[in-house]
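What follows is the content of final.txt (compact mmCIF, C-alpha atoms).
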```txt
# COMPACT_ATOMS: atom_id res chain seq x y z
CA MET S 11 -20.63 -1.09 -49.91
CA GLN S 12 -17.47 -2.99 -50.76
CA VAL S 13 -14.17 -2.14 -49.06
CA THR S 14 -10.88 -3.49 -50.39
CA GLU S 15 -7.48 -2.87 -48.87
CA THR S 16 -5.03 -1.89 -51.63
CA LEU S 17 -2.02 -0.98 -49.46
CA SER S 18 -0.80 -1.88 -45.99
CA ASP S 19 2.75 -0.65 -45.43
CA GLY S 20 3.74 0.05 -41.84
CA LEU S 21 1.25 2.64 -40.65
CA LYS S 22 0.15 3.58 -44.19
CA ARG S 23 -3.19 2.32 -45.48
CA GLN S 24 -5.05 2.65 -48.77
CA LEU S 25 -8.61 1.45 -49.30
CA ARG S 26 -10.89 1.25 -52.33
CA VAL S 27 -14.57 1.81 -51.47
CA VAL S 28 -17.35 0.99 -53.94
CA VAL S 29 -20.96 2.10 -53.36
CA ASP S 30 -23.69 0.54 -55.50
CA ALA S 31 -25.38 2.90 -57.99
CA GLY S 32 -28.75 1.68 -56.76
CA GLU S 33 -28.02 2.86 -53.21
CA ILE S 34 -26.96 6.26 -54.50
CA GLY S 35 -30.10 6.45 -56.64
CA ALA S 36 -32.26 5.71 -53.60
CA LYS S 37 -30.52 8.50 -51.65
CA PHE S 38 -31.04 10.86 -54.59
CA ASP S 39 -34.76 10.04 -54.76
CA ALA S 40 -35.09 10.55 -51.02
CA ARG S 41 -33.41 13.95 -51.35
CA LEU S 42 -35.81 14.91 -54.15
CA ASP S 43 -38.71 13.85 -51.96
CA GLU S 44 -37.42 16.12 -49.19
CA ILE S 45 -37.47 19.24 -51.32
CA LYS S 46 -40.47 18.69 -53.61
CA ASP S 47 -43.02 20.15 -51.16
CA ARG S 48 -40.84 23.19 -50.44
CA VAL S 49 -39.81 24.17 -53.95
CA GLN S 50 -41.73 26.89 -55.75
CA LEU S 51 -40.94 27.49 -59.44
CA LYS S 52 -42.45 29.92 -61.90
CA GLY S 53 -45.47 28.36 -63.62
CA PHE S 54 -46.05 25.78 -60.88
CA ARG S 55 -47.89 25.83 -57.59
CA LYS S 56 -45.85 25.13 -54.48
CA GLY S 57 -45.42 21.38 -54.06
CA LYS S 58 -46.79 20.62 -57.53
CA VAL S 59 -43.57 20.71 -59.55
CA PRO S 60 -43.23 17.43 -61.52
CA VAL S 61 -40.36 15.22 -60.38
CA GLN S 62 -38.83 15.14 -63.85
CA HIS S 63 -38.76 18.91 -63.92
CA LEU S 64 -37.15 18.98 -60.46
CA LYS S 65 -34.49 16.60 -61.72
CA LYS S 66 -33.88 18.81 -64.72
CA VAL S 67 -33.51 21.98 -62.61
CA PHE S 68 -31.88 20.67 -59.43
CA GLY S 69 -30.68 17.18 -60.34
CA ARG S 70 -26.98 17.91 -60.77
CA SER S 71 -26.60 20.00 -57.62
CA LEU S 72 -28.65 17.53 -55.57
CA MET S 73 -26.61 14.59 -56.85
CA GLY S 74 -23.46 16.50 -55.88
CA GLU S 75 -24.82 16.85 -52.34
CA VAL S 76 -25.79 13.17 -52.24
CA LEU S 77 -22.35 12.03 -53.42
CA GLN S 78 -20.56 14.28 -50.92
CA GLN S 79 -22.73 12.99 -48.08
CA THR S 80 -22.27 9.40 -49.25
CA ILE S 81 -18.49 9.71 -49.38
CA GLU S 82 -18.42 11.14 -45.83
CA GLU S 83 -20.73 8.42 -44.48
CA LYS S 84 -19.06 5.50 -46.24
CA SER S 85 -15.52 6.60 -45.42
CA ARG S 86 -16.46 6.71 -41.72
CA ALA S 87 -18.22 3.36 -42.03
CA ALA S 88 -15.19 1.80 -43.74
CA LEU S 89 -12.96 2.89 -40.86
CA ASP S 90 -15.46 1.65 -38.26
CA GLU S 91 -15.86 -1.67 -40.06
CA ARG S 92 -12.10 -2.24 -40.05
CA LYS S 93 -11.67 -0.74 -36.57
CA GLU S 94 -9.01 1.60 -37.95
CA ARG S 95 -7.78 4.59 -35.95
CA PRO S 96 -6.56 7.20 -38.44
CA ALA S 97 -3.75 9.46 -37.25
CA ILE S 98 -4.95 12.16 -39.67
CA GLN S 99 -8.05 12.89 -41.71
CA PRO S 100 -8.07 10.39 -44.62
CA GLN S 101 -7.38 11.76 -48.09
CA ILE S 102 -10.21 10.95 -50.49
CA ASP S 103 -9.22 10.17 -54.08
CA LEU S 104 -12.06 10.50 -56.62
CA PRO S 105 -11.97 9.22 -60.21
CA GLU S 106 -9.95 11.46 -62.53
CA ASP S 107 -11.77 10.31 -65.67
CA GLN S 108 -14.49 12.89 -66.37
CA GLN S 109 -16.60 10.38 -68.27
CA GLU S 110 -16.59 8.03 -65.29
CA ILE S 111 -17.67 10.89 -63.03
CA GLU S 112 -20.51 11.77 -65.41
CA LYS S 113 -21.71 8.15 -65.34
CA VAL S 114 -21.78 8.25 -61.53
CA MET S 115 -23.62 11.60 -61.58
CA SER S 116 -26.21 10.20 -63.97
CA GLY S 117 -26.69 7.01 -61.94
CA GLN S 118 -25.21 4.74 -64.63
CA ALA S 119 -22.17 3.62 -62.62
CA ASP S 120 -21.20 2.69 -59.07
CA LEU S 121 -19.35 5.27 -56.98
CA SER S 122 -15.73 4.21 -56.46
CA PHE S 123 -13.24 6.23 -54.43
CA GLY S 124 -9.92 5.69 -52.71
CA MET S 125 -8.91 6.45 -49.13
CA SER S 126 -5.32 7.12 -48.09
CA PHE S 127 -4.36 7.56 -44.45
CA GLU S 128 -2.00 6.63 -41.66
CA VAL S 129 -3.17 4.70 -38.63
CA LEU S 130 -2.22 5.26 -35.03
CA PRO S 131 0.41 2.78 -33.86
CA GLU S 132 -0.30 0.14 -31.27
CA ILE S 133 1.05 1.43 -27.97
CA ASN S 134 1.81 -1.03 -25.18
CA LEU S 135 1.76 1.15 -22.09
CA ILE S 136 4.18 0.31 -19.32
CA ASP S 137 3.15 -0.35 -15.74
CA PHE S 138 3.45 3.16 -14.28
CA SER S 139 3.85 1.80 -10.75
CA GLU S 140 7.29 0.58 -11.79
CA LEU S 141 8.50 4.14 -12.38
CA GLN S 142 10.57 5.81 -9.68
CA LEU S 143 10.86 9.58 -9.87
CA GLU S 144 12.49 12.24 -7.73
CA LYS S 145 10.44 15.28 -6.74
CA LEU S 146 12.61 18.29 -5.96
CA THR S 147 11.31 20.69 -3.31
CA ALA S 148 12.75 23.76 -1.60
CA ASP S 149 11.87 25.62 1.57
CA VAL S 150 11.22 29.35 1.50
CA ASP S 151 13.91 30.88 3.70
CA ASP S 152 14.22 34.44 5.04
CA SER S 153 16.78 35.41 2.39
CA ALA S 154 14.33 34.60 -0.42
CA VAL S 155 11.64 36.70 1.23
CA GLU S 156 14.07 39.60 1.76
CA GLN S 157 15.20 39.40 -1.84
CA ALA S 158 11.59 39.60 -3.02
CA ILE S 159 10.90 42.54 -0.69
CA ASN S 160 13.99 44.30 -2.05
CA GLN S 161 12.68 43.83 -5.57
CA LEU S 162 9.45 45.53 -4.50
CA VAL S 163 11.54 48.34 -3.04
CA GLU S 164 13.46 48.73 -6.31
CA ARG S 165 10.21 48.94 -8.27
CA SER S 166 8.90 51.53 -5.81
CA THR S 167 12.04 53.67 -5.99
CA SER S 168 11.47 57.29 -7.00
CA TYR S 169 14.09 59.75 -8.25
CA GLU S 170 14.73 63.32 -7.13
CA VAL S 171 16.51 65.78 -9.40
CA THR S 172 19.48 67.26 -7.54
CA GLU S 173 21.29 70.36 -8.80
CA GLY S 174 25.07 69.99 -9.07
CA ARG S 175 24.89 66.25 -8.47
CA VAL S 176 27.86 64.26 -9.76
CA ALA S 177 26.41 61.09 -11.30
CA GLU S 178 27.09 57.82 -9.46
CA ASP S 179 25.93 54.24 -9.80
CA GLY S 180 22.22 54.09 -9.07
CA ASP S 181 21.53 57.66 -10.23
CA ARG S 182 19.09 58.24 -13.05
CA LEU S 183 20.27 60.45 -15.89
CA THR S 184 18.04 62.05 -18.51
CA ILE S 185 20.01 62.46 -21.72
CA ASP S 186 19.94 63.34 -25.41
CA PHE S 187 22.40 61.46 -27.60
CA VAL S 188 23.48 60.85 -31.18
CA GLY S 189 25.50 57.75 -32.02
CA LYS S 190 27.99 57.51 -34.89
CA ILE S 191 30.06 54.76 -36.46
CA GLY S 192 32.98 55.92 -38.55
CA GLY S 193 31.79 59.47 -38.05
CA GLU S 194 28.38 58.75 -39.61
CA PRO S 195 25.08 58.56 -37.64
CA PHE S 196 23.41 55.13 -37.76
CA GLU S 197 19.76 54.15 -37.70
CA GLY S 198 18.33 53.85 -34.20
CA GLY S 199 21.41 55.48 -32.67
CA ALA S 200 19.77 58.71 -31.45
CA GLY S 201 17.38 59.62 -28.67
CA GLU S 202 15.98 62.57 -26.75
CA GLY S 203 14.88 62.69 -23.12
CA VAL S 204 16.03 59.11 -22.55
CA ASN S 205 16.28 57.90 -18.94
CA ILE S 206 19.20 55.68 -17.96
CA VAL S 207 20.04 54.35 -14.49
CA LEU S 208 23.79 53.94 -14.07
CA GLY S 209 24.86 50.44 -13.12
CA GLN S 210 21.75 48.64 -14.42
CA GLY S 211 23.35 47.65 -17.72
CA GLY S 212 20.50 49.00 -19.81
CA PHE S 213 22.82 50.18 -22.60
CA ILE S 214 25.72 48.58 -24.45
CA PRO S 215 28.94 47.97 -22.46
CA GLY S 216 30.99 51.12 -21.90
CA PHE S 217 28.14 53.58 -22.40
CA GLU S 218 27.11 53.89 -18.75
CA ASP S 219 30.73 53.95 -17.56
CA GLY S 220 31.34 56.93 -19.81
CA LEU S 221 28.65 58.93 -18.00
CA LYS S 222 29.84 58.43 -14.45
CA GLY S 223 30.83 61.71 -12.82
CA ALA S 224 28.75 63.77 -15.27
CA LYS S 225 26.60 66.73 -14.20
CA ALA S 226 23.41 68.27 -15.60
CA GLY S 227 24.19 70.48 -18.59
CA GLU S 228 27.44 68.69 -19.37
CA GLU S 229 28.19 67.35 -22.86
CA ARG S 230 30.38 64.31 -23.38
CA THR S 231 31.54 62.04 -26.15
CA VAL S 232 31.30 58.42 -25.02
CA THR S 233 32.94 55.50 -26.81
CA ALA S 234 31.32 52.07 -26.55
CA THR S 235 31.43 48.81 -28.50
CA PHE S 236 28.42 46.77 -29.56
CA PRO S 237 28.62 43.11 -28.40
CA GLU S 238 29.50 40.48 -31.00
CA ASN S 239 26.09 38.84 -30.43
CA TYR S 240 24.15 42.11 -30.75
CA PRO S 241 20.77 41.36 -32.44
CA GLU S 242 21.30 43.98 -35.17
CA LYS S 243 24.02 42.28 -37.23
CA SER S 244 25.09 45.51 -38.97
CA LEU S 245 26.15 46.90 -35.57
CA ALA S 246 27.50 43.75 -33.90
CA GLY S 247 31.12 44.10 -32.78
CA LYS S 248 31.49 47.68 -34.01
CA GLU S 249 32.84 50.60 -32.00
CA ALA S 250 30.61 53.67 -31.83
CA THR S 251 30.90 57.18 -30.43
CA PHE S 252 27.97 58.92 -28.81
CA ASP S 253 27.59 62.67 -28.45
CA VAL S 254 25.70 62.92 -25.17
CA LYS S 255 24.09 65.90 -23.44
CA VAL S 256 23.12 65.30 -19.80
CA LYS S 257 19.88 67.13 -19.03
CA GLU S 258 19.20 65.92 -15.47
CA VAL S 259 20.80 63.88 -12.72
CA ALA S 260 18.35 62.39 -10.22
CA VAL S 261 19.14 60.66 -6.95
CA PRO S 262 17.24 57.45 -6.06
CA LYS S 263 14.86 57.68 -3.10
CA LYS S 264 14.15 54.19 -1.88
CA PRO S 265 11.19 53.77 0.50
CA GLU S 266 11.78 52.42 3.97
CA VAL S 267 10.54 48.90 4.53
CA ASN S 268 7.83 49.48 7.14
CA ASP S 269 4.08 49.40 7.59
CA GLU S 270 3.67 52.56 5.49
CA PHE S 271 5.50 50.89 2.61
CA ALA S 272 3.17 47.90 2.86
CA LYS S 273 0.09 50.14 2.89
CA ASN S 274 1.29 51.91 -0.26
CA LEU S 275 1.25 48.50 -1.89
CA GLY S 276 -2.32 47.90 -0.75
CA VAL S 277 -1.47 45.61 2.20
CA GLU S 278 -2.46 46.10 5.86
CA ASN S 279 1.03 46.09 7.33
CA LEU S 280 4.58 44.82 6.84
CA GLU S 281 3.86 41.49 8.54
CA LYS S 282 0.98 40.81 6.16
CA LEU S 283 3.18 41.81 3.21
CA ARG S 284 5.80 39.28 4.24
CA GLU S 285 3.09 36.60 4.50
CA LEU S 286 1.82 37.38 1.02
CA VAL S 287 5.33 37.40 -0.42
CA THR S 288 6.09 34.07 1.27
CA GLU S 289 2.94 32.50 -0.20
CA GLN S 290 3.80 33.83 -3.64
CA ILE S 291 7.29 32.35 -3.44
CA LYS S 292 5.83 29.02 -2.28
CA ARG S 293 3.62 28.99 -5.39
CA GLU S 294 6.62 29.75 -7.61
CA TYR S 295 8.59 26.93 -5.96
CA ALA S 296 5.65 24.56 -6.39
CA GLN S 297 5.39 25.45 -10.10
CA ALA S 298 9.12 24.89 -10.60
CA SER S 299 8.92 21.58 -8.72
CA ARG S 300 5.97 20.48 -10.84
CA ALA S 301 7.74 21.47 -14.08
CA LYS S 302 10.86 19.46 -13.20
CA LEU S 303 8.82 16.45 -12.11
CA LYS S 304 6.74 16.56 -15.29
CA ARG S 305 9.89 16.83 -17.41
CA ALA S 306 11.38 13.80 -15.63
CA LEU S 307 8.16 11.84 -16.18
CA LEU S 308 7.99 12.70 -19.88
CA ASP S 309 11.64 11.72 -20.29
CA GLU S 310 10.89 8.31 -18.78
CA LEU S 311 7.75 7.84 -20.88
CA GLU S 312 9.64 8.62 -24.06
CA LYS S 313 12.51 6.32 -23.11
CA ARG S 314 10.30 3.37 -22.18
CA HIS S 315 7.90 3.42 -25.16
CA ASP S 316 9.17 2.46 -28.60
CA PHE S 317 6.77 2.42 -31.55
CA ALA S 318 6.56 3.68 -35.12
CA LEU S 319 5.40 7.27 -35.57
CA PRO S 320 2.91 8.39 -38.24
CA PRO S 321 5.17 10.25 -40.74
CA THR S 322 2.60 12.94 -41.51
CA LEU S 323 2.13 13.83 -37.83
CA VAL S 324 5.89 14.19 -37.41
CA GLU S 325 6.19 16.27 -40.57
CA ARG S 326 3.39 18.62 -39.51
CA GLU S 327 4.91 19.07 -36.07
CA PHE S 328 8.35 19.68 -37.55
CA GLU S 329 7.00 22.25 -40.03
CA ALA S 330 5.28 24.14 -37.19
CA ILE S 331 8.48 24.17 -35.09
CA TRP S 332 10.67 25.08 -38.08
CA ARG S 333 8.39 27.95 -39.07
CA GLN S 334 8.55 29.36 -35.54
CA VAL S 335 12.36 28.99 -35.36
CA THR S 336 13.07 30.58 -38.75
CA GLN S 337 10.66 33.45 -38.12
CA GLY S 338 12.35 34.10 -34.76
CA LEU S 339 15.78 34.18 -36.38
CA GLU S 340 14.53 36.47 -39.15
CA GLN S 341 13.01 38.91 -36.68
CA ALA S 342 16.25 38.95 -34.67
CA GLY S 343 18.35 39.41 -37.81
CA ARG S 344 20.32 36.25 -37.05
CA SER S 345 21.18 33.02 -38.85
CA PHE S 346 21.93 29.43 -37.88
CA GLU S 347 25.62 30.21 -38.27
CA ASP S 348 25.23 32.84 -35.54
CA GLU S 349 23.82 30.07 -33.35
CA GLY S 350 26.90 27.94 -34.00
CA LYS S 351 25.25 25.33 -36.23
CA THR S 352 24.42 24.65 -39.86
CA GLU S 353 20.86 24.59 -41.19
CA GLU S 354 21.18 20.83 -41.70
CA GLN S 355 22.19 20.34 -38.07
CA ALA S 356 19.32 22.56 -36.95
CA ARG S 357 16.83 20.57 -39.04
CA GLU S 358 18.04 17.32 -37.51
CA GLU S 359 17.80 18.77 -34.00
CA TYR S 360 14.28 20.13 -34.45
CA ARG S 361 13.06 16.97 -36.17
CA LYS S 362 14.06 15.03 -33.05
CA ILE S 363 12.06 17.52 -30.99
CA ALA S 364 9.09 17.00 -33.33
CA GLU S 365 9.39 13.22 -32.94
CA ARG S 366 9.52 13.56 -29.15
CA ARG S 367 6.40 15.73 -29.11
CA VAL S 368 4.47 13.36 -31.35
CA ARG S 369 5.53 10.29 -29.38
CA LEU S 370 4.61 11.85 -26.04
CA GLY S 371 1.34 13.17 -27.46
CA LEU S 372 0.36 9.69 -28.61
CA ILE S 373 1.36 8.14 -25.26
CA LEU S 374 -0.61 10.68 -23.24
CA GLY S 375 -3.56 10.37 -25.61
CA GLU S 376 -3.53 6.58 -25.20
CA VAL S 377 -3.40 6.88 -21.40
CA GLY S 378 -6.22 9.41 -21.43
CA GLU S 379 -8.43 7.25 -23.66
CA LYS S 380 -7.85 4.03 -21.74
CA SER S 381 -8.39 5.81 -18.41
CA GLY S 382 -11.49 7.67 -19.55
CA ILE S 383 -10.01 11.07 -18.77
CA GLN S 384 -12.21 13.93 -19.98
CA VAL S 385 -12.00 17.70 -19.93
CA THR S 386 -15.21 18.96 -18.33
CA GLN S 387 -17.32 21.89 -19.47
CA ASP S 388 -16.48 23.70 -16.22
CA GLU S 389 -12.75 23.30 -16.89
CA MET S 390 -13.17 24.64 -20.42
CA ARG S 391 -15.27 27.53 -19.14
CA ARG S 392 -12.60 28.48 -16.60
CA ALA S 393 -9.89 28.30 -19.25
CA LEU S 394 -11.94 30.49 -21.58
CA MET S 395 -12.54 33.02 -18.80
CA GLU S 396 -8.80 33.08 -18.09
CA GLN S 397 -8.12 33.83 -21.75
CA ALA S 398 -10.74 36.60 -21.76
CA ARG S 399 -9.25 38.22 -18.64
CA GLN S 400 -6.03 38.80 -20.57
CA TYR S 401 -7.87 41.23 -22.84
CA PRO S 402 -9.75 43.69 -20.60
CA GLY S 403 -12.63 45.32 -22.40
CA GLN S 404 -12.50 42.82 -25.26
CA GLU S 405 -13.94 39.80 -23.48
CA ARG S 406 -16.89 39.47 -25.88
CA LEU S 407 -14.52 39.38 -28.88
CA VAL S 408 -12.50 36.62 -27.21
CA TYR S 409 -15.62 34.50 -26.59
CA GLU S 410 -16.78 35.01 -30.17
CA PHE S 411 -13.37 34.04 -31.52
CA TYR S 412 -13.43 30.70 -29.70
CA GLU S 413 -17.08 30.08 -30.65
CA LYS S 414 -16.19 30.42 -34.34
CA ASN S 415 -12.87 28.55 -34.25
CA PRO S 416 -13.05 24.85 -33.25
CA GLY S 417 -9.28 24.62 -33.73
CA ALA S 418 -8.72 27.32 -31.11
CA ILE S 419 -11.01 25.46 -28.70
CA ALA S 420 -8.95 22.31 -29.29
CA GLU S 421 -5.76 24.24 -28.47
CA LEU S 422 -7.39 25.47 -25.27
CA ARG S 423 -8.44 21.96 -24.32
CA ALA S 424 -5.13 20.22 -25.08
CA PRO S 425 -3.03 21.53 -22.13
CA ILE S 426 -5.86 20.85 -19.68
CA PHE S 427 -6.14 17.27 -20.93
CA GLU S 428 -2.36 16.85 -20.79
CA GLU S 429 -2.10 18.03 -17.18
CA LYS S 430 -4.94 15.71 -16.12
CA VAL S 431 -3.24 12.73 -17.76
CA VAL S 432 0.10 13.65 -16.15
CA ASP S 433 -1.62 13.86 -12.76
CA HIS S 434 -3.21 10.46 -13.40
CA ILE S 435 0.19 8.88 -14.12
CA LEU S 436 1.93 10.62 -11.23
CA GLY S 437 -0.70 9.17 -8.94
CA GLN S 438 0.68 5.70 -9.75
CA VAL S 439 4.47 6.21 -9.82
CA LYS S 440 6.80 5.91 -6.84
CA LEU S 441 7.83 9.42 -5.79
CA GLU S 442 10.81 10.24 -3.60
CA GLU S 443 10.94 13.81 -2.31
CA LYS S 444 14.34 15.49 -2.30
CA LYS S 445 15.07 18.81 -0.59
CA VAL S 446 17.25 21.18 -2.61
CA ASP S 447 18.12 24.86 -2.51
CA ARG S 448 16.52 27.49 -4.70
CA GLU S 449 19.35 27.47 -7.25
CA GLU S 450 19.01 23.73 -7.82
CA LEU S 451 15.23 23.96 -8.07
CA PHE S 452 15.37 26.65 -10.76
CA LYS S 453 18.43 25.30 -12.57
CA PRO S 454 17.51 25.11 -16.26
CA GLU S 455 17.49 21.81 -18.10
CA PRO S 456 20.42 21.33 -20.50
CA ASP S 457 18.32 22.15 -23.58
CA GLU S 458 16.80 25.21 -21.90
CA GLU S 459 20.08 27.02 -21.24
```
Would you mind writing the structure in this file as structure tokens?
Amino acid sequence: MQVTETLSDGLKRQLRVVVDAGEIGAKFDARLDEIKDRVQLKGFRKGKVPVQHLKKVFGRSLMGEVLQQTIEEKSRAALDERKERPAIQPQIDLPEDQQEIEKVMSGQADLSFGMSFEVLPEINLIDFSELQLEKLTADVDDSAVEQAINQLVERSTSYEVTEGRVAEDGDRLTIDFVGKIGGEPFEGGAGEGVNIVLGQGGFIPGFEDGLKGAKAGEERTVTATFPENYPEKSLAGKEATFDVKVKEVAVPKKPEVNDEFAKNLGVENLEKLRELVTEQIKREYAQASRAKLKRALLDELEKRHDFALPPTLVEREFEAIWRQVTQGLEQAGRSFEDEGKTEEQAREEYRKIAERRVRLGLILGEVGEKSGIQVTQDEMRRALMEQARQYPGQERLVYEFYEKNPGAIAELRAPIFEEKVVDHILGQVKLEEKKVDREELFKPEPDEE
């Protein structure tokens, strides 16, 4: 095998690989020898088919197999020989001249093919012990626990229909309605037996206010205006009238916060409920703290590592992000103009995100490889079980899906690997713990708002 480099431009590489016809012929003969004792053709006893006849019947298909196998083996060998680390699967370029291909197939010419690929950049990792990061933490105070208990109370609230009740904030109304714009009904603007709790803001502004003071059996015409940013663009900013019939008015019945309330939630008593709620909040705080610390670490890693990015990796990442963004806008009936930017500005913004993801992925991959970090079978098994639990009754289908889709398995493995690498790096950096309140801990990052 002869390997010649025909292009070396940045991270781009092109190779020309030539495999001697004699080597291919030997592989072809070996393949014939493998099948001769198994083949049974009409007019011949099993294992007694002449080699020339085998070549006549199976020669072309067998040579195709041999060439495919040879290309796979030699392309891997060429990369190993040169110690290249491809960023993507190399593109194989076969001869376009049909006569040349026929000569190779017939054993009259050497096999020559091209390889085009991009290599992974050289990454000089920083000394992680030089990094100084701030870890935000928050204590769980009584007000947070009470707020969580109150949320449980709200979810446990029942409603009691009360005759002659004048609707107030907090009451639940059951209504029929027909909405009109310019005197004409519009699609999606009607409903029957719809429940609405006054004061919760479940409908467009003005609608709930127009029902305050109503009684069961009363009919009203309510005027309300759709917000300018309403998802359905044909309705955004338009004033509508709704012919509403109130069928029921129900008064909220909130449970008392006591041991009986806790038992109804499956807990021994109120004290135990508070303990469980406190532990749950602690876990939420810990997750938020971890997310902020990880974000700070990734920001530092991106800032402190500068290297060329494989263009194809960036393009693939960008295309995936762009597809998700445009589909989301299409489903919401919105455009980039509605988001306050042009498509060109959006493309530039999301390409930077793609570059960040690729850069960080390469950094974390380099750390993981040099540190020997592996995702164990037990970790993969737990992740697969977690996926299966999300589809009760369909667990077997989930397992079969992952068994048949290596790409899905890779997607399952990637976040586990990433978290292990992040933990490895965090174990070396200098961490300073900083106490903050809940608002600061959960304050969104600028690009998350």
Counting all atoms listed in the file, figure out which residue out of S:Arg369, S:Lys248, S:Lys264, S:Arg175 gets nearest to S:Ile191. S:Lys248
Contacts of stretch 389-401 of chain S at 8 Å (all atoms listed in the file; same-chain gap of 4+ positions) as a list in words: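 In the requested form, the answer reads Val385, Glu405, Arg406, Val408, Tyr409, Leu422, Arg423 and Ile426 of chain S.
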A straight line from atom CA of S:Leu121 to atom CA of S:Val29 spans 5.1 Å
Among S:Glu410, S:Gln24, S:Glu442, S:Ile373, S:Ile136 is approached most closely, using only C-alpha atoms, by S:Ile373
Could I get the residues of stretch 122-150 of chain S with an atom no further than 7 Å from an atom of stretch 292-307 of chain S, each paired with its nearest atom pair and that distance in Å to one decimal, using all atoms listed in the file, sorted by chain and residue number, as CSV?
```
residue,atom,partner,partner_atom,distance
S:Lys145,CA,S:Leu303,CA,5.7
S:Leu146,CA,S:Ser299,CA,5.7
S:Thr147,CA,S:Ser299,CA,6.0
S:Ala148,CA,S:Tyr295,CA,6.8
S:Val150,CA,S:Lys292,CA,6.6
```
Fewer than 3 positions away in the same chain doesn't count, so skip those; otherwise give me all residues within 6 Å of stretch 208-220 of chain S, counting only C-alpha atoms, as JSON, numbers by chain. {"S": [179, 180, 181, 232, 234]}
What lies within 12 Å of S:Val204 using only C-alpha atoms, ignoring chain neighbours under 2 positions off, as a ChimeraX atom specification? /S:182-188,200-202,206-207,212-213,254-259
